[in-house]
file my_file-v4.csv (CSV, C-alpha atoms)
chain,number,residue,atom,x,y,z
A,122,MET,CA,337.2,111.0,58.8
A,123,ASP,CA,334.6,113.1,56.9
A,124,ALA,CA,334.5,115.7,59.6
A,125,LEU,CA,338.3,116.0,59.4
A,126,ILE,CA,338.2,116.3,55.6
A,127,SER,CA,335.5,119.0,55.8
A,128,GLN,CA,337.5,120.9,58.4
A,129,LEU,CA,340.7,120.7,56.3
A,130,GLN,CA,338.8,121.7,53.2
A,131,ARG,CA,337.4,124.7,55.0
A,132,GLN,CA,340.8,125.7,56.2
A,133,PHE,CA,342.2,125.3,52.7
A,134,ARG,CA,339.4,127.4,51.3
A,135,ASP,CA,339.8,130.1,53.8
A,136,TYR,CA,343.5,130.2,53.6
A,137,THR,CA,343.5,130.4,49.8
A,138,ILE,CA,341.0,133.2,49.9
A,139,SER,CA,343.1,135.1,52.4
A,140,LEU,CA,346.2,134.8,50.2
A,141,TYR,CA,344.3,136.4,47.3
A,142,GLN,CA,342.7,139.1,49.5
A,143,GLN,CA,346.1,140.0,51.0
A,144,ASP,CA,347.5,140.3,47.5
A,145,PHE,CA,350.0,137.5,47.9
A,146,LEU,CA,348.5,135.8,44.9
A,147,ASP,CA,346.6,137.1,41.8
A,148,ASP,CA,344.6,135.4,39.0
A,149,GLN,CA,347.7,134.2,37.2
A,150,PHE,CA,348.1,131.7,40.1
A,151,THR,CA,344.5,130.7,39.3
A,152,GLU,CA,345.6,130.2,35.7
A,153,LEU,CA,348.4,127.9,36.8
A,154,LYS,CA,346.0,125.8,38.7
A,155,LYS,CA,344.0,125.2,35.5
A,156,LEU,CA,347.2,123.6,34.1
A,157,GLN,CA,347.3,121.0,36.9
A,158,ASP,CA,345.5,117.7,36.4
A,159,ASP,CA,345.8,114.1,37.4
A,160,GLY,CA,348.6,113.7,34.9
A,161,SER,CA,350.5,116.6,36.4
A,162,PRO,CA,349.2,116.8,40.0
A,163,ASP,CA,352.2,118.8,41.3
A,164,PHE,CA,352.5,121.3,38.5
A,165,VAL,CA,351.8,124.4,40.5
A,166,ALA,CA,354.1,123.4,43.3
A,167,GLU,CA,356.9,122.6,40.8
A,168,VAL,CA,356.6,125.9,39.0
A,169,LEU,CA,356.5,127.8,42.2
A,170,SER,CA,359.6,125.9,43.4
A,171,LEU,CA,361.4,127.0,40.3
A,172,PHE,CA,360.2,130.5,40.8
A,173,PHE,CA,361.7,130.6,44.3
A,174,GLU,CA,365.0,129.3,43.1
A,175,ASP,CA,364.9,132.1,40.5
A,176,CYS,CA,364.3,134.5,43.4
A,177,VAL,CA,367.4,133.3,45.2
A,178,LYS,CA,369.5,133.6,42.1
A,179,LEU,CA,368.3,137.0,41.0
A,180,ILE,CA,368.3,138.6,44.4
A,181,SER,CA,371.9,137.4,44.8
A,182,ASN,CA,372.7,139.0,41.4
A,183,MET,CA,371.1,142.2,42.5
A,184,ALA,CA,372.9,142.3,45.8
A,185,ARG,CA,376.2,141.7,44.0
A,186,ALA,CA,375.5,144.5,41.5
A,187,LEU,CA,374.5,146.8,44.4
A,188,ASP,CA,377.7,146.2,46.2
A,189,GLN,CA,379.5,149.4,46.3
A,190,THR,CA,382.8,148.0,47.5
A,191,THR,CA,383.6,146.7,44.0
A,192,GLY,CA,383.2,150.1,42.5
A,193,ALA,CA,380.4,152.1,41.0
A,194,VAL,CA,377.0,150.5,41.0
A,195,ASP,CA,375.8,149.4,37.6
A,196,PHE,CA,372.1,150.1,37.8
A,197,SER,CA,371.5,148.5,34.4
A,198,THR,CA,372.7,145.2,35.7
A,199,VAL,CA,370.5,145.5,38.7
A,200,GLY,CA,367.6,146.5,36.4
A,201,ALA,CA,368.1,143.5,34.2
A,202,SER,CA,367.7,141.1,37.1
A,203,VAL,CA,364.7,143.1,38.4
A,204,HIS,CA,363.2,142.8,35.0
A,205,GLN,CA,363.6,139.1,35.0
A,206,LEU,CA,362.1,138.8,38.5
A,207,LYS,CA,359.2,140.9,37.5
A,208,GLY,CA,358.6,138.7,34.6
A,209,SER,CA,358.7,135.4,36.5
A,210,SER,CA,356.7,136.7,39.5
A,211,SER,CA,354.0,137.9,37.0
A,212,SER,CA,354.0,134.5,35.4
A,213,VAL,CA,353.3,132.7,38.6
A,214,GLY,CA,350.9,135.1,40.2
A,215,ALA,CA,353.2,136.4,42.9
A,216,LYS,CA,351.4,139.7,43.1
A,217,ARG,CA,353.3,141.4,45.9
A,218,VAL,CA,356.7,140.4,44.6
A,219,LYS,CA,355.7,141.7,41.2
A,220,ALA,CA,354.5,145.0,42.6
A,221,LEU,CA,357.8,145.4,44.4
A,222,CYS,CA,359.7,144.8,41.2
A,223,VAL,CA,357.8,147.6,39.6
A,224,SER,CA,359.0,150.1,42.2
A,225,PHE,CA,362.4,148.5,42.2
A,226,LYS,CA,362.7,149.0,38.5
A,227,ASP,CA,361.8,152.7,38.8
A,228,PHE,CA,364.5,153.1,41.4
A,229,CYS,CA,367.0,151.5,39.1
A,230,GLU,CA,366.1,153.8,36.3
A,231,ALA,CA,366.4,156.7,38.6
A,232,GLN,CA,369.7,155.4,39.8
A,233,ASN,CA,368.5,155.7,43.3
A,234,PHE,CA,370.8,153.6,45.4
A,235,GLU,CA,369.0,153.8,48.7
A,236,GLY,CA,365.7,153.1,47.0
A,237,CYS,CA,367.2,150.1,45.3
A,238,VAL,CA,368.7,148.7,48.6
A,239,ARG,CA,365.4,149.1,50.3
A,240,CYS,CA,363.6,147.3,47.5
A,241,LEU,CA,366.1,144.6,47.6
A,242,GLN,CA,365.5,144.0,51.3
A,243,GLN,CA,361.7,144.1,50.8
A,244,VAL,CA,361.7,141.7,47.9
A,245,ASP,CA,363.8,139.3,49.8
A,246,ILE,CA,361.4,139.3,52.7
A,247,GLU,CA,358.4,139.1,50.4
A,248,TYR,CA,359.4,136.1,48.4
A,249,LYS,CA,360.3,134.2,51.6
A,250,THR,CA,357.0,135.1,53.1
A,251,LEU,CA,355.2,133.9,50.0
A,252,LYS,CA,357.2,130.7,50.1
A,253,THR,CA,356.2,129.9,53.6
A,254,LYS,CA,352.6,130.6,53.0
A,255,LEU,CA,352.5,128.5,49.9
A,256,GLN,CA,354.2,125.6,51.7
A,257,ASP,CA,351.4,125.8,54.3
A,258,LEU,CA,348.9,125.8,51.5
A,259,PHE,CA,350.5,122.8,49.8
A,260,ASN,CA,350.7,121.0,53.1
A,261,LEU,CA,347.0,121.5,53.6
A,262,GLU,CA,346.4,120.0,50.2
A,263,LYS,CA,348.5,117.1,51.2
A,264,GLN,CA,346.6,116.6,54.4
A,265,ILE,CA,343.3,116.6,52.6
A,266,ILE,CA,344.4,114.0,50.1
A,267,GLN,CA,345.9,111.9,52.8
A,268,ALA,CA,342.7,112.0,54.7
A,269,GLY,CA,341.0,110.7,51.6
A,270,GLY,CA,339.4,113.9,50.5
A,271,ILE,CA,339.8,116.0,47.4
A,272,VAL,CA,341.2,119.5,47.2
A,273,PRO,CA,338.3,121.9,46.6
A,274,GLN,CA,338.2,124.3,43.8
A,275,VAL,CA,338.2,127.7,45.4
A,276,ASP,CA,336.2,130.5,43.7
A,277,ILE,CA,338.1,133.7,44.4
A,278,ASN,CA,335.3,136.0,43.7
B,151,MET,CA,369.6,110.6,37.7
B,152,GLY,CA,366.8,111.7,39.9
B,153,LYS,CA,364.6,110.6,42.7
B,154,GLU,CA,361.6,108.6,41.9
B,155,LYS,CA,359.6,110.0,44.7
B,156,LYS,CA,357.6,113.2,44.1
B,157,GLN,CA,357.3,115.7,46.8
B,158,ILE,CA,354.0,117.4,47.4
B,159,ASP,CA,355.2,120.0,49.8
B,160,GLY,CA,356.4,122.5,47.3
B,161,GLY,CA,359.7,120.8,46.5
B,162,VAL,CA,360.4,119.8,42.9
B,163,SER,CA,360.8,116.2,42.2
B,164,CYS,CA,364.2,115.7,40.8
B,165,LEU,CA,363.0,113.4,38.1
B,166,ARG,CA,360.6,115.8,36.9
B,167,ARG,CA,363.1,118.6,37.1
B,168,ALA,CA,365.6,116.7,35.1
B,169,GLU,CA,363.0,116.3,32.4
B,170,MET,CA,362.2,119.9,32.5
B,171,ASN,CA,365.8,121.0,32.4
B,172,MET,CA,366.5,118.7,29.5
B,173,MET,CA,363.8,120.2,27.5
B,174,SER,CA,364.2,123.7,28.6
B,175,VAL,CA,367.8,124.6,28.6
B,176,GLY,CA,369.3,123.2,25.5
B,177,GLY,CA,366.0,122.9,24.0
B,178,MET,CA,366.8,119.8,22.0
B,179,GLU,CA,366.1,116.3,23.1
B,180,SER,CA,368.8,113.8,22.2
B,181,ALA,CA,367.7,113.3,18.7
B,182,PRO,CA,364.5,114.5,16.9
B,183,ALA,CA,361.8,112.0,17.6
B,184,PRO,CA,360.2,110.4,14.5
B,185,LEU,CA,357.9,113.0,13.0
B,186,ASP,CA,354.3,112.7,13.9
B,187,LEU,CA,352.8,114.6,11.0
B,188,GLU,CA,349.4,114.6,12.7
B,189,GLU,CA,350.6,116.7,15.7
B,190,VAL,CA,351.0,120.4,15.9
B,191,HIS,CA,354.6,121.1,16.7
B,192,VAL,CA,355.4,124.4,18.4
B,193,LEU,CA,358.9,125.9,19.0
B,194,ALA,CA,358.8,128.1,22.1
B,195,VAL,CA,361.6,130.6,22.8
B,196,ASP,CA,362.0,132.3,26.2
B,197,ASP,CA,365.1,133.0,28.3
B,198,SER,CA,363.1,132.6,31.5
B,199,LEU,CA,362.9,129.1,32.8
B,200,VAL,CA,359.7,129.7,34.7
B,201,ASP,CA,358.1,131.1,31.6
B,202,ARG,CA,359.3,128.2,29.4
B,203,ILE,CA,357.8,125.7,31.8
B,204,VAL,CA,354.5,127.5,31.8
B,205,ILE,CA,354.3,128.1,28.1
B,206,GLU,CA,355.3,124.5,27.4
B,207,ARG,CA,352.6,123.2,29.7
B,208,LEU,CA,350.0,125.6,28.2
B,209,LEU,CA,350.9,124.2,24.8
B,210,ARG,CA,350.9,120.6,25.8
B,211,ILE,CA,347.5,120.9,27.4
B,212,THR,CA,346.2,122.2,24.1
B,213,SER,CA,347.6,119.1,22.4
B,214,CYS,CA,350.8,120.5,20.9
B,215,LYS,CA,354.1,118.9,20.7
B,216,VAL,CA,356.6,121.4,22.1
B,217,THR,CA,360.3,122.2,21.8
B,218,ALA,CA,361.4,124.9,24.2
B,219,VAL,CA,364.6,126.7,23.8
B,220,ASP,CA,366.2,129.5,25.8
B,221,SER,CA,367.4,131.9,23.2
B,222,GLY,CA,366.9,133.1,19.7
B,223,TRP,CA,370.3,131.6,18.7
B,224,ARG,CA,369.2,128.2,19.8
B,225,ALA,CA,365.9,128.6,18.0
B,226,LEU,CA,367.8,129.3,14.8
B,227,GLU,CA,370.1,126.4,15.5
B,228,PHE,CA,367.1,124.2,15.9
B,229,LEU,CA,365.6,125.4,12.6
B,230,GLY,CA,368.9,125.0,10.8
B,231,LEU,CA,369.1,128.7,10.1
B,232,ASP,CA,372.2,129.3,12.1
B,233,ASN,CA,374.5,128.9,9.1
B,234,ASP,CA,374.3,129.5,5.4
B,235,LYS,CA,374.2,125.8,4.4
B,236,ALA,CA,370.7,124.3,4.3
B,237,SER,CA,370.3,121.9,7.1
B,238,ALA,CA,370.3,118.3,6.0
B,239,GLN,CA,367.6,117.6,8.5
B,240,LEU,CA,365.3,120.1,7.0
B,241,ASP,CA,362.9,117.8,5.3
B,242,ARG,CA,362.3,116.2,8.7
B,243,LEU,CA,361.6,119.3,10.5
B,244,LYS,CA,358.1,120.3,10.9
B,245,VAL,CA,357.3,123.4,12.9
B,246,ASP,CA,353.8,124.7,12.8
B,247,LEU,CA,354.1,127.7,15.1
B,248,ILE,CA,356.9,129.6,16.7
B,249,ILE,CA,356.2,131.5,19.9
B,250,THR,CA,358.8,133.7,21.3
B,251,ASP,CA,359.4,136.2,24.1
B,252,TYR,CA,360.2,139.7,22.9
B,253,CYS,CA,362.8,140.8,25.5
B,254,MET,CA,365.7,138.4,25.5
B,255,PRO,CA,369.4,139.0,25.9
B,256,GLY,CA,371.4,138.6,22.8
B,257,MET,CA,368.8,138.3,20.2
B,258,THR,CA,365.4,139.8,20.8
B,259,GLY,CA,362.2,138.1,19.7
B,260,TYR,CA,361.8,140.8,17.1
B,261,GLU,CA,365.2,140.0,15.6
B,262,LEU,CA,364.4,136.3,15.6
B,263,LEU,CA,361.1,137.1,13.9
B,264,LYS,CA,363.0,139.0,11.1
B,265,LYS,CA,365.4,136.1,10.6
B,266,ILE,CA,362.5,133.6,10.3
B,267,LYS,CA,360.7,135.8,7.9
B,268,GLU,CA,363.9,136.1,5.8
B,269,SER,CA,364.3,132.4,5.5
B,270,SER,CA,362.7,130.7,2.5
B,271,ASN,CA,362.0,127.5,4.5
B,272,PHE,CA,360.3,129.1,7.5
B,273,ARG,CA,358.8,132.3,6.4
B,274,GLU,CA,355.4,130.8,6.2
B,275,VAL,CA,355.5,129.5,9.8
B,276,PRO,CA,353.3,131.8,12.0
B,277,VAL,CA,355.4,133.6,14.6
B,278,VAL,CA,353.7,134.8,17.8
B,279,ILE,CA,355.5,137.3,20.0
B,280,MET,CA,355.0,137.4,23.8
B,281,SER,CA,355.8,140.5,25.9
B,282,SER,CA,355.2,141.7,29.4
B,283,GLU,CA,355.1,145.3,28.0
B,284,ASN,CA,352.1,146.7,26.3
B,285,VAL,CA,353.8,149.1,24.0
B,286,MET,CA,351.8,149.9,20.9
B,287,THR,CA,354.9,150.8,18.8
B,288,ARG,CA,356.4,147.4,19.7
B,289,ILE,CA,353.3,145.6,18.8
B,290,ASP,CA,353.0,147.5,15.5
B,291,ARG,CA,356.6,146.8,14.6
B,292,CYS,CA,356.2,143.1,15.2
B,293,LEU,CA,353.0,142.9,13.2
B,294,GLU,CA,354.5,144.8,10.3
B,295,GLU,CA,357.4,142.4,10.3
B,296,GLY,CA,354.9,139.6,9.8
B,297,ALA,CA,354.1,138.4,13.3
B,298,GLN,CA,350.9,136.4,13.4
B,299,ASP,CA,349.9,137.6,16.9
B,300,PHE,CA,351.1,139.4,19.9
B,301,LEU,CA,350.4,138.1,23.4
B,302,LEU,CA,350.6,140.1,26.5
B,303,LYS,CA,352.3,138.2,29.4
B,304,PRO,CA,351.4,136.6,31.6
B,305,VAL,CA,350.1,134.2,29.0
B,306,LYS,CA,346.8,132.5,29.9
B,307,LEU,CA,345.2,129.3,28.8
B,308,ALA,CA,342.6,131.2,26.8
B,309,ASP,CA,345.3,132.9,24.8
B,310,VAL,CA,346.9,129.6,23.9
B,311,LYS,CA,343.6,127.9,23.1
B,312,ARG,CA,342.9,130.7,20.7
B,313,LEU,CA,346.2,130.3,19.0
B,314,ARG,CA,345.7,126.6,18.8
B,315,SER,CA,342.4,127.0,17.1
B,316,HIS,CA,344.2,129.0,14.3
B,317,LEU,CA,346.3,126.0,13.4
B,318,ALA,CA,345.1,123.4,11.1
B,319,THR,CA,346.0,119.8,11.8
B,320,LYS,CA,346.4,117.2,9.1
B,321,ASP,CA,344.4,114.5,10.6
B,322,VAL,CA,341.2,116.3,11.4
B,323,LYS,CA,338.5,115.9,8.9
B,324,LEU,CA,336.6,118.8,7.3
B,325,SER,CA,333.3,119.3,8.9
B,326,THR,CA,330.4,121.0,7.2
B,327,GLY,CA,329.4,124.4,8.5
B,328,ASN,CA,332.5,125.5,10.3
B,329,LYS,CA,331.6,128.2,12.7
B,330,ARG,CA,333.9,130.4,14.6
B,331,LYS,CA,333.5,132.9,17.3
B,332,LEU,CA,335.8,135.9,16.5
B,333,PRO,CA,337.7,138.0,18.9
B,334,GLU,CA,335.2,140.5,20.2
B,335,ASP,CA,337.5,143.4,20.5
B,336,SER,CA,338.7,144.0,17.0
B,337,ASP,CA,337.9,147.6,16.7
B,338,SER,CA,338.7,148.1,13.1
B,339,VAL,CA,340.0,146.3,10.2
B,340,THR,CA,341.9,147.0,7.1
B,341,ILE,CA,341.8,144.7,4.1
B,342,THR,CA,345.0,144.5,2.1
B,343,PRO,CA,346.1,142.3,-0.7
B,344,PRO,CA,347.2,138.8,0.2
B,345,SER,CA,349.7,138.8,2.9
B,346,PRO,CA,350.3,136.7,6.0
B,347,SER,CA,347.3,136.8,8.2
B,348,LEU,CA,347.4,138.8,11.3
B,349,THR,CA,345.3,138.7,14.3
B,350,ILE,CA,345.7,140.9,17.3
B,351,SER,CA,345.2,139.2,20.6
B,352,PRO,CA,344.1,141.3,23.5
B,353,GLU,CA,345.0,140.3,26.9
B,354,SER,CA,342.2,137.9,27.3
B,355,SER,CA,339.6,137.2,24.7
B,356,PRO,CA,337.0,134.5,24.7
B,357,PRO,CA,338.2,131.1,23.5
B,358,LEU,CA,337.4,130.6,19.9
B,359,THR,CA,335.2,127.8,19.0
B,360,ILE,CA,336.0,126.3,15.7
B,361,SER,CA,335.3,123.1,13.9
B,362,PRO,CA,338.8,121.9,13.0
B,363,HIS,CA,339.4,121.0,9.5
B,364,SER,CA,342.1,119.3,7.6
B,365,SER,CA,344.6,120.8,5.4
B,366,ASP,CA,346.2,119.2,2.4
B,367,SER,CA,348.8,121.9,1.9
B,368,SER,CA,351.8,122.6,4.0
B,369,SER,CA,351.7,122.1,7.7
B,370,SER,CA,352.1,125.8,8.3
B,371,LEU,CA,348.7,126.7,7.0
B,372,VAL,CA,347.1,129.2,9.2
B,373,GLU,CA,343.5,129.9,9.7
B,374,MET,CA,342.3,133.2,8.5
B,375,PHE,CA,339.6,135.3,10.0
B,376,SER,CA,336.9,137.4,8.5
B,377,SER,CA,337.6,141.0,9.1
B,378,SER,CA,334.2,142.3,10.2
B,379,PRO,CA,334.0,143.8,13.7
B,380,ILE,CA,332.3,141.5,16.1
B,381,ASP,CA,330.1,142.2,19.0
B,382,ASP,CA,329.1,139.9,21.8
B,383,ASP,CA,326.6,138.0,19.8
B,384,GLU,CA,327.6,134.7,18.4
B,385,ASP,CA,329.1,135.2,15.0
B,386,GLU,CA,327.8,133.3,12.1
B,387,ASP,CA,330.9,133.6,10.0
B,388,VAL,CA,331.3,130.4,8.1
B,389,LEU,CA,334.9,129.5,7.5
B,390,THR,CA,335.9,128.4,4.0
B,391,SER,CA,337.1,124.9,4.2
B,392,SER,CA,339.5,124.3,1.5
B,393,PRO,CA,343.0,125.5,2.0
B,394,GLU,CA,343.3,127.1,-1.4
B,395,GLU,CA,340.5,129.5,-0.7
B,396,SER,CA,341.7,130.7,2.7
B,397,PRO,CA,340.9,134.4,2.8
B,398,ILE,CA,343.9,136.5,3.7
B,399,ARG,CA,343.2,139.6,5.6
B,400,ARG,CA,345.1,141.9,7.7
B,401,GLN,CA,343.6,143.0,11.0
B,402,LYS,CA,344.9,146.0,12.8
B,403,MET,CA,343.5,147.2,16.1
B,404,ARG,CA,343.5,150.9,16.7
B,405,SER,CA,343.0,150.9,20.3
B,406,PRO,CA,343.7,147.5,21.7
B,407,GLY,CA,342.6,148.3,25.1
B,408,LEU,CA,345.2,146.0,26.5
B,409,ASP,CA,345.9,146.0,30.1

call {"tool": "encode", "arguments": {"input": "my_file-v4.csv", "output": "structure tokens"}}
result
Amino acid sequence: MDALISQLQRQFRDYTISLYQQDFLDDQFTELKKLQDDGSPDFVAEVLSLFFEDCVKLISNMARALDQTTGAVDFSTVGASVHQLKGSSSSVGAKRVKALCVSFKDFCEAQNFEGCVRCLQQVDIEYKTLKTKLQDLFNLEKQIIQAGGIVPQVDIN
Amino acid sequence: MGKEKKQIDGGVSCLRRAEMNMMSVGGMESAPAPLDLEEVHVLAVDDSLVDRIVIERLLRITSCKVTAVDSGWRALEFLGLDNDKASAQLDRLKVDLIITDYCMPGMTGYELLKKIKESSNFREVPVVIMSSENVMTRIDRCLEEGAQDFLLKPVKLADVKRLRSHLATKDVKLSTGNKRKLPEDSDSVTITPPSPSLTISPESSPPLTISPHSSDSSSSLVEMFSSSPIDDDEDEDVLTSSPEESPIRRQKMRSPGLD
């Protein structure tokens, strides 16, 4: 069982590091982990879950606002949703999503329709990718615990 | 309603979510709990659910009681400031700190700050502004209006720990030789006649160590800091212990070096 635990822990460590190295996560995610303890063992997963729900809602708002069939596009409405997404992605450490929101915001301000549409597509892909990766990460955690091990603290530096 | 079982695979347990929603959306639990005068009570205001959850957790982890609301209007409502009549509940309401997002639809954090400072009941309560944007004019404006501090989002545990150390709690006894490590990046300081204390919080500064002390005066007493610039060495500033003597200084950073 120990060999299994070690292997899982190694996988967990490597996977975590790769997520940071590939800019999926930044140190705000590390900050969230500090807020997790035995009393709130699922805090990070719960916050990220809320974040992903936020993504669905906000992206849908953006898509609706960018829909030209209903008339002229209101870029400030799009921008407002982008601003919110930028904020929550920043708060959870979703680095790539946040970076996309920065570009997206610029396109909104420039009233660049094609730019906005492209960003919308990218942000949709990006949050879904992150969601999948984090689910894999949380599953690894679960496996470690179920095997009787503890989830290691990973030093990102 | 809600499932008992918690999911560990990234899903949110309904039970927990119900709890979170209850405290986050309307902001007010069914009826105000019996006041615990020993605990620090913080009113957190943020229109983002994710941010509310995070700030609430940050505050709870630093031993604060938290009421989280989603708008300036709800904050005023909670404080009993939403109409001209004084709230009948006012003598029961104890708020030691108000922490609010700047950018909110409807009423901004700045507008909320002004309203709080205009009220006779709550003007002494320290108000901290949070913002994702590091705009000097915005920071200045909030400080001039009486904000206690300005935090750059995303807010970190060190930021909240530092805030927490500013607040006196009633049950903590005075200890001799209070020492405190001061923020190391205060560039310059102006001393003005007594006014609400201001500290600037850079994006991340070292957690302050302070021997907590008790306060006999109102629960909104705020720790004051000496105004001398600090370098990395341990600061030997001894904090005056009695509430009546709290030095009141204004600190202003010239170049915050934020971000």

call {"tool": "atom_distance", "arguments": {"input": "my_file-v4.csv", "atom1": "atom CA of Phe172 of chain A", "atom2": "atom CA of Gly222 of chain B"}}
result
22.3 Å

call {"tool": "residues_near_point", "arguments": {"input": "my_file-v4.csv", "point": "(355.1, 131.5, 26.5)", "cutoff": "10 Å", "atoms": "all atoms listed in the file", "output": "VMD selection string"}}
result
(chain A and resid 212) or (chain B and resid 194 to 196 198 200 to 209 218 249 to 251 278 to 281 301 to 306 310)

call {"tool": "residues_around", "arguments": {"input": "my_file-v4.csv", "residues": "Asp144 of chain A", "least_positions_apart": "2", "cutoff": "9 Å", "atoms": "all atoms listed in the file", "output": "list in words"}}
result
Ser139, Leu140, Tyr141, Gln142, Leu146, Asp147, Ala215, Lys216 and Arg217 of chain A

call {"tool": "atom_distance", "arguments": {"input": "my_file-v4.csv", "atom1": "atom CA of Asp276 of chain A", "atom2": "atom CA of Leu153 of chain A"}}
result
14.3 Å

call {"tool": "residues_around", "arguments": {"input": "my_file-v4.csv", "residues": "segment 193-206 of chain A", "least_positions_apart": "4", "cutoff": "6 Å", "atoms": "all atoms listed in the file", "output": "list in words"}}
result
Leu179, Met183, Ala186, Leu187, Gln189, Ser210, Cys222, Lys226 and Cys229 of chain A

call {"tool": "write_last_selection", "arguments": {"input": "my_file-v4.csv", "atoms": "C-alpha atoms", "output": "mmCIF file, in the frame of the given file"}}
result
data_model
loop_
_atom_site.group_PDB
_atom_site.id
_atom_site.type_symbol
_atom_site.label_atom_id
_atom_site.label_comp_id
_atom_site.auth_asym_id
_atom_site.auth_seq_id
_atom_site.Cartn_x
_atom_site.Cartn_y
_atom_site.Cartn_z
ATOM 1 C CA LEU A 179 368.300 137.000 41.000
ATOM 2 C CA MET A 183 371.100 142.200 42.500
ATOM 3 C CA ALA A 186 375.500 144.500 41.500
ATOM 4 C CA LEU A 187 374.500 146.800 44.400
ATOM 5 C CA GLN A 189 379.500 149.400 46.300
ATOM 6 C CA SER A 210 356.700 136.700 39.500
ATOM 7 C CA CYS A 222 359.700 144.800 41.200
ATOM 8 C CA LYS A 226 362.700 149.000 38.500
ATOM 9 C CA CYS A 229 367.000 151.500 39.100
#

call {"tool": "closest_residue", "arguments": {"input": "my_file-v4.csv", "among": "A:Asn278, A:Ser209, A:Gln242, A:Asn233", "to": "chain B", "atoms": "all atoms listed in the file"}}
result
A:Ser209

call {"tool": "residues_near_point", "arguments": {"input": "my_file-v4.csv", "point": "(356.1, 147.9, 45.5)", "cutoff": "12 Å", "atoms": "all atoms listed in the file", "output": "count of residues only"}}
result
24

call {"tool": "atom_distance", "arguments": {"input": "my_file-v4.csv", "atom1": "atom CA of Arg210 of chain B", "atom2": "atom CA of Val277 of chain B"}}
result
17.7 Å
